[in-house]
Amino acid sequence: MRIVLLGPPGSGKGTQGDLIEEKYGFPKVSSGDLLREAVKAGTALGKEAEICMSRGKLVSDELVLDMIQERISQPDCQTGYILDGFPRNISQAEKLEKAVPSAHEVVLDIRLNDHSLVERLSSRRICSDCGMIYNLQMKPPVKEGMCDVCGHKLIRRDDDVPEVIRRRLKIYHEQTEELVIYYRDRDIYHAVDGKGKVDEVFFHISSILDQLLGEFSEKEAVR
Ligand code: AMP
């Protein structure tokens, strides 16, 4: 099963992706996390991506698609995976569909207004080591500035600053939002209200996934 998490930056895709991974066992594949790892490791991909990322612009489709394809070809992704942050535009969606068709695909679009997104992104912090996501208002760490999971320092992402946040939201509205119609036309689209608490949003997501997974296994049983 391929679960595509759509939604603007700050809507909670990363957090919900972690919860889906924990409950259903599908690995979360985050294009942003993979790119940040490449930047940290100083690889050729990281060097190429770094400037675009720090300016809030999209990295080239080819680079990102190669990176995602490589990741989802790994053994742990063979029964399913969660895509967080990819595809980001129609061209990426078409290329993915062509390169890696999926019989069971679901798109969960976590919706939130721009005002709440800016607030959330401004108070977001991530662990400098394991990437765990925190929010100083909604989900603060137990010990200030430290990751609850691994004890490393929490940092603010370079692109979680007002000017870059505005550019990322603009790109989302110009390029990524078109995917709503693209996926709605394929009948695999589900809108999820991202306004509530983390567990309320996850409850909604779980109810969608439980139903779909039930339907898929019924179909498999008939075959
Ligand atoms: P994210 O963690 O999803 O907010 O992504 C952080 C940054 O990584 C974005 O602002 C882009 O510069 C880059 N990025 C992540 N995913 C993609 C993608 N699918 N296509 C192009 N650039 C991406």
# chains A, B, ... in the order shown; residues from 1 in each chain; ligands from 1
>>> residues_near_ligand(ligand="ligand 1", cutoff="8 Å", atoms="only C-alpha atoms and all ligand atoms", output="VMD selection string")
chain A and resid 9 to 10 30 to 33 35 to 36 49 to 50 52 to 61 64 to 65 84 to 89 92 159 168
>>> select_by_dssp(residues="range 77-131 of chain A", states="strand (DSSP E)", output="VMD selection string")
chain A and resid 81 to 84 105 to 111 124 to 127
>>> write_last_selection(atoms="N, CA and C atoms", output="mmCIF file, in the first residue's frame")
data_model
loop_
_atom_site.group_PDB
_atom_site.id
_atom_site.type_symbol
_atom_site.label_atom_id
_atom_site.label_comp_id
_atom_site.auth_asym_id
_atom_site.auth_seq_id
_atom_site.Cartn_x
_atom_site.Cartn_y
_atom_site.Cartn_z
ATOM 1 N N TYR A 81 4.480 1.730 2.098
ATOM 2 C CA TYR A 81 5.286 2.835 2.628
ATOM 3 C C TYR A 81 4.434 4.099 2.640
ATOM 4 N N ILE A 82 4.923 5.060 3.414
ATOM 5 C CA ILE A 82 4.213 6.337 3.553
ATOM 6 C C ILE A 82 5.082 7.412 2.912
ATOM 7 N N LEU A 83 4.539 8.148 1.981
ATOM 8 C CA LEU A 83 5.311 9.240 1.379
ATOM 9 C C LEU A 83 4.939 10.558 2.047
ATOM 10 N N ASP A 84 5.933 11.233 2.602
ATOM 11 C CA ASP A 84 5.712 12.518 3.271
ATOM 12 C C ASP A 84 6.512 13.588 2.525
ATOM 13 N N GLU A 105 -3.339 2.606 -3.511
ATOM 14 C CA GLU A 105 -2.777 3.912 -3.164
ATOM 15 C C GLU A 105 -3.851 4.752 -2.473
ATOM 16 N N VAL A 106 -3.464 5.457 -1.428
ATOM 17 C CA VAL A 106 -4.404 6.351 -0.751
ATOM 18 C C VAL A 106 -3.702 7.683 -0.489
ATOM 19 N N VAL A 107 -4.454 8.756 -0.693
ATOM 20 C CA VAL A 107 -3.892 10.089 -0.472
ATOM 21 C C VAL A 107 -4.636 10.737 0.691
ATOM 22 N N LEU A 108 -3.889 11.138 1.713
ATOM 23 C CA LEU A 108 -4.471 11.805 2.874
ATOM 24 C C LEU A 108 -3.989 13.248 2.862
ATOM 25 N N ASP A 109 -4.914 14.152 2.684
ATOM 26 C CA ASP A 109 -4.556 15.570 2.564
ATOM 27 C C ASP A 109 -4.890 16.273 3.877
ATOM 28 N N ILE A 110 -3.859 16.640 4.641
ATOM 29 C CA ILE A 110 -4.085 17.280 5.937
ATOM 30 C C ILE A 110 -4.216 18.789 5.712
ATOM 31 N N ARG A 111 -5.429 19.309 5.936
ATOM 32 C CA ARG A 111 -5.741 20.698 5.586
ATOM 33 C C ARG A 111 -5.642 21.637 6.794
ATOM 34 N N ARG A 124 7.983 25.430 15.617
ATOM 35 C CA ARG A 124 8.449 24.049 15.447
ATOM 36 C C ARG A 124 9.944 23.943 15.770
ATOM 37 N N ARG A 125 10.317 22.877 16.434
ATOM 38 C CA ARG A 125 11.727 22.564 16.669
ATOM 39 C C ARG A 125 11.919 21.092 16.315
ATOM 40 N N ILE A 126 13.121 20.748 15.839
ATOM 41 C CA ILE A 126 13.384 19.328 15.565
ATOM 42 C C ILE A 126 14.668 18.898 16.275
ATOM 43 N N CYS A 127 14.777 17.610 16.529
ATOM 44 C CA CYS A 127 15.984 17.101 17.169
ATOM 45 C C CYS A 127 17.119 17.119 16.151
#
>>> closest_residue(among="A:Gly80, A:Pro162, A:Gly25, A:Gly46", to="Arg120 in chain A", atoms="only C-alpha atoms")
A:Pro162
>>> atom_distance(atom1="CA of His173 in chain A", atom2="CA of Ile90 in chain A")
12.7 Å
>>> atom_distance(atom1="CA of Met132 in chain A", atom2="CA of Asp148 in chain A")
8.7 Å
>>> closest_residue(among="A:Pro8, A:Glu218, A:Val118, A:Pro141", to="Val161 in chain A", atoms="only C-alpha atoms")
A:Val118
>>> residues_around(residues="His204 in chain A", least_positions_apart="5", cutoff="9 Å", atoms="only C-alpha atoms", output="mmCIF file with C-alpha atoms, in the first residue's frame")
data_model
loop_
_atom_site.group_PDB
_atom_site.id
_atom_site.type_symbol
_atom_site.label_atom_id
_atom_site.label_comp_id
_atom_site.auth_asym_id
_atom_site.auth_seq_id
_atom_site.Cartn_x
_atom_site.Cartn_y
_atom_site.Cartn_z
ATOM 1 C CA VAL A 192 -8.399 15.393 6.791
ATOM 2 C CA ASP A 193 -8.965 18.426 9.026
ATOM 3 C CA ASP A 199 -4.440 12.368 18.468
ATOM 4 C CA LEU A 209 -6.877 3.544 6.833
#
>>> select_by_dssp(residues="range 9-188 of chain A", states="helix (DSSP H, G or I)", output="PyMOL selection string")
chain A and resi 13-24+31-41+44-55+61-72+75-77+90-99+114-122+162-176+178-184
>>> write_last_selection(atoms="C-alpha atoms", output="short mmCIF file (atom, residue, chain, number, x, y, z; two decimals), in the first residue's frame")
data_model
loop_
_atom_site.label_atom_id
_atom_site.label_comp_id
_atom_site.auth_asym_id
_atom_site.auth_seq_id
_atom_site.Cartn_x
_atom_site.Cartn_y
_atom_site.Cartn_z
CA LYS A 13 2.42 15.35 7.88
CA GLY A 14 5.66 14.37 9.59
CA THR A 15 4.05 13.78 12.99
CA GLN A 16 1.09 11.87 11.54
CA GLY A 17 3.46 9.89 9.30
CA ASP A 18 5.37 8.74 12.40
CA LEU A 19 2.13 7.65 14.06
CA ILE A 20 0.97 5.76 10.95
CA GLU A 21 4.37 4.03 10.80
CA GLU A 22 4.07 3.06 14.46
CA LYS A 23 0.53 1.67 14.18
CA TYR A 24 0.54 0.06 10.73
CA SER A 31 11.73 13.60 1.03
CA GLY A 32 12.61 16.53 3.30
CA ASP A 33 14.26 14.24 5.89
CA LEU A 34 16.22 12.38 3.19
CA LEU A 35 17.40 15.68 1.72
CA ARG A 36 18.37 17.05 5.14
CA GLU A 37 20.36 13.85 5.81
CA ALA A 38 22.15 14.29 2.47
CA VAL A 39 22.96 17.92 3.33
CA LYS A 40 24.29 16.88 6.74
CA ALA A 41 26.40 14.12 5.21
CA ALA A 44 26.78 15.45 -3.94
CA LEU A 45 22.98 15.35 -3.70
CA GLY A 46 23.08 17.30 -0.44
CA LYS A 47 25.34 19.97 -1.93
CA GLU A 48 23.02 20.40 -4.89
CA ALA A 49 19.88 20.52 -2.74
CA GLU A 50 21.15 22.79 0.02
CA ILE A 51 20.74 26.18 -1.68
CA CYS A 52 17.19 25.47 -2.86
CA MET A 53 16.20 24.18 0.57
CA SER A 54 17.58 27.15 2.50
CA ARG A 55 15.61 29.46 0.19
CA ASP A 61 12.26 16.70 -9.76
CA GLU A 62 14.92 14.33 -11.12
CA LEU A 63 17.10 14.50 -8.00
CA VAL A 64 14.17 13.93 -5.67
CA LEU A 65 12.58 11.18 -7.75
CA ASP A 66 15.87 9.23 -7.94
CA MET A 67 16.30 9.56 -4.19
CA ILE A 68 12.73 8.40 -3.47
CA GLN A 69 12.91 5.51 -5.95
CA GLU A 70 16.11 4.31 -4.37
CA ARG A 71 14.53 4.42 -0.89
CA ILE A 72 11.27 2.67 -1.80
CA PRO A 75 13.14 -4.46 1.34
CA ASP A 76 11.28 -2.71 4.19
CA CYS A 77 9.08 -0.86 1.66
CA ILE A 90 1.94 17.12 -10.83
CA SER A 91 5.13 16.34 -12.73
CA GLN A 92 6.51 14.40 -9.72
CA ALA A 93 3.18 12.58 -9.27
CA GLU A 94 3.14 11.52 -12.93
CA LYS A 95 6.76 10.40 -12.84
CA LEU A 96 6.14 8.39 -9.67
CA GLU A 97 3.07 6.72 -11.14
CA LYS A 98 5.03 5.76 -14.24
CA ALA A 99 8.17 4.58 -12.46
CA ASP A 114 -2.11 29.69 6.36
CA HIS A 115 -2.41 31.62 9.63
CA SER A 116 -2.19 28.43 11.73
CA LEU A 117 0.60 27.07 9.50
CA VAL A 118 2.79 30.14 10.05
CA GLU A 119 2.18 29.92 13.81
CA ARG A 120 3.04 26.22 13.88
CA LEU A 121 6.14 26.47 11.70
CA SER A 122 7.47 29.38 13.75
CA PRO A 162 9.28 33.97 8.43
CA GLU A 163 10.60 34.92 4.98
CA VAL A 164 11.28 31.32 3.94
CA ILE A 165 7.99 30.10 5.45
CA ARG A 166 6.12 32.60 3.26
CA ARG A 167 7.94 31.36 0.14
CA ARG A 168 7.26 27.70 1.00
CA LEU A 169 3.56 28.40 1.45
CA LYS A 170 3.45 30.31 -1.85
CA ILE A 171 5.06 27.36 -3.66
CA TYR A 172 2.63 25.01 -1.95
CA HIS A 173 -0.38 27.01 -3.19
CA GLU A 174 1.08 27.43 -6.69
CA GLN A 175 2.36 23.90 -7.30
CA THR A 176 1.41 21.33 -4.69
CA GLU A 178 -2.97 21.20 -7.81
CA LEU A 179 -2.42 17.65 -6.67
CA VAL A 180 -5.77 17.78 -4.84
CA ILE A 181 -7.62 17.75 -8.17
CA TYR A 182 -5.15 15.30 -9.68
CA TYR A 183 -5.77 12.73 -6.92
CA ARG A 184 -9.47 13.52 -6.51
#
>>> atom_distance(atom1="CA of Phe202 in chain A", atom2="CA of Gly12 in chain A")
10.0 Å
>>> decode(residues="range 172-192 of chain A", atoms="N, CA and C atoms", output="CSV table (one decimal), in the first residue's frame")
chain,number,residue,atom,x,y,z
A,172,TYR,N,3.7,26.0,-2.2
A,172,TYR,CA,2.6,25.0,-1.9
A,172,TYR,C,1.3,25.4,-2.7
A,173,HIS,N,0.9,26.6,-2.5
A,173,HIS,CA,-0.4,27.0,-3.2
A,173,HIS,C,-0.2,27.0,-4.7
A,174,GLU,N,0.9,27.4,-5.2
A,174,GLU,CA,1.1,27.4,-6.7
A,174,GLU,C,1.3,26.0,-7.3
A,175,GLN,N,2.0,25.2,-6.6
A,175,GLN,CA,2.4,23.9,-7.3
A,175,GLN,C,1.8,22.6,-6.7
A,176,THR,N,1.8,22.6,-5.3
A,176,THR,CA,1.4,21.3,-4.7
A,176,THR,C,-0.1,21.2,-4.6
A,177,GLU,N,-0.8,22.3,-4.4
A,177,GLU,CA,-2.2,22.2,-4.2
A,177,GLU,C,-3.0,21.6,-5.4
A,178,GLU,N,-2.4,21.8,-6.6
A,178,GLU,CA,-3.0,21.2,-7.8
A,178,GLU,C,-3.1,19.7,-7.7
A,179,LEU,N,-2.3,19.1,-6.8
A,179,LEU,CA,-2.4,17.6,-6.7
A,179,LEU,C,-3.8,17.2,-6.1
A,180,VAL,N,-4.5,18.1,-5.4
A,180,VAL,CA,-5.8,17.8,-4.8
A,180,VAL,C,-6.7,17.3,-6.0
A,181,ILE,N,-6.7,18.1,-7.0
A,181,ILE,CA,-7.6,17.8,-8.2
A,181,ILE,C,-7.1,16.5,-8.9
A,182,TYR,N,-5.8,16.5,-9.0
A,182,TYR,CA,-5.1,15.3,-9.7
A,182,TYR,C,-5.6,14.0,-9.0
A,183,TYR,N,-5.5,14.0,-7.7
A,183,TYR,CA,-5.8,12.7,-6.9
A,183,TYR,C,-7.3,12.5,-6.7
A,184,ARG,N,-8.0,13.7,-6.6
A,184,ARG,CA,-9.5,13.5,-6.5
A,184,ARG,C,-10.0,12.8,-7.7
A,185,ASP,N,-9.5,13.2,-8.9
A,185,ASP,CA,-9.9,12.6,-10.1
A,185,ASP,C,-9.7,11.1,-10.2
A,186,ARG,N,-8.7,10.6,-9.4
A,186,ARG,CA,-8.4,9.2,-9.3
A,186,ARG,C,-9.1,8.5,-8.2
A,187,ASP,N,-10.0,9.2,-7.5
A,187,ASP,CA,-10.8,8.6,-6.5
A,187,ASP,C,-10.0,8.0,-5.3
A,188,ILE,N,-8.9,8.5,-5.0
A,188,ILE,CA,-8.1,7.9,-3.9
A,188,ILE,C,-7.8,9.0,-2.9
A,189,TYR,N,-8.5,10.1,-3.0
A,189,TYR,CA,-8.2,11.3,-2.2
A,189,TYR,C,-9.1,11.4,-1.0
A,190,HIS,N,-8.5,11.7,0.2
A,190,HIS,CA,-9.3,11.9,1.4
A,190,HIS,C,-8.8,13.2,2.1
A,191,ALA,N,-9.7,14.1,2.4
A,191,ALA,CA,-9.3,15.3,3.1
A,191,ALA,C,-9.4,15.1,4.6
A,192,VAL,N,-8.4,15.6,5.3
A,192,VAL,CA,-8.4,15.4,6.8
A,192,VAL,C,-8.2,16.8,7.4
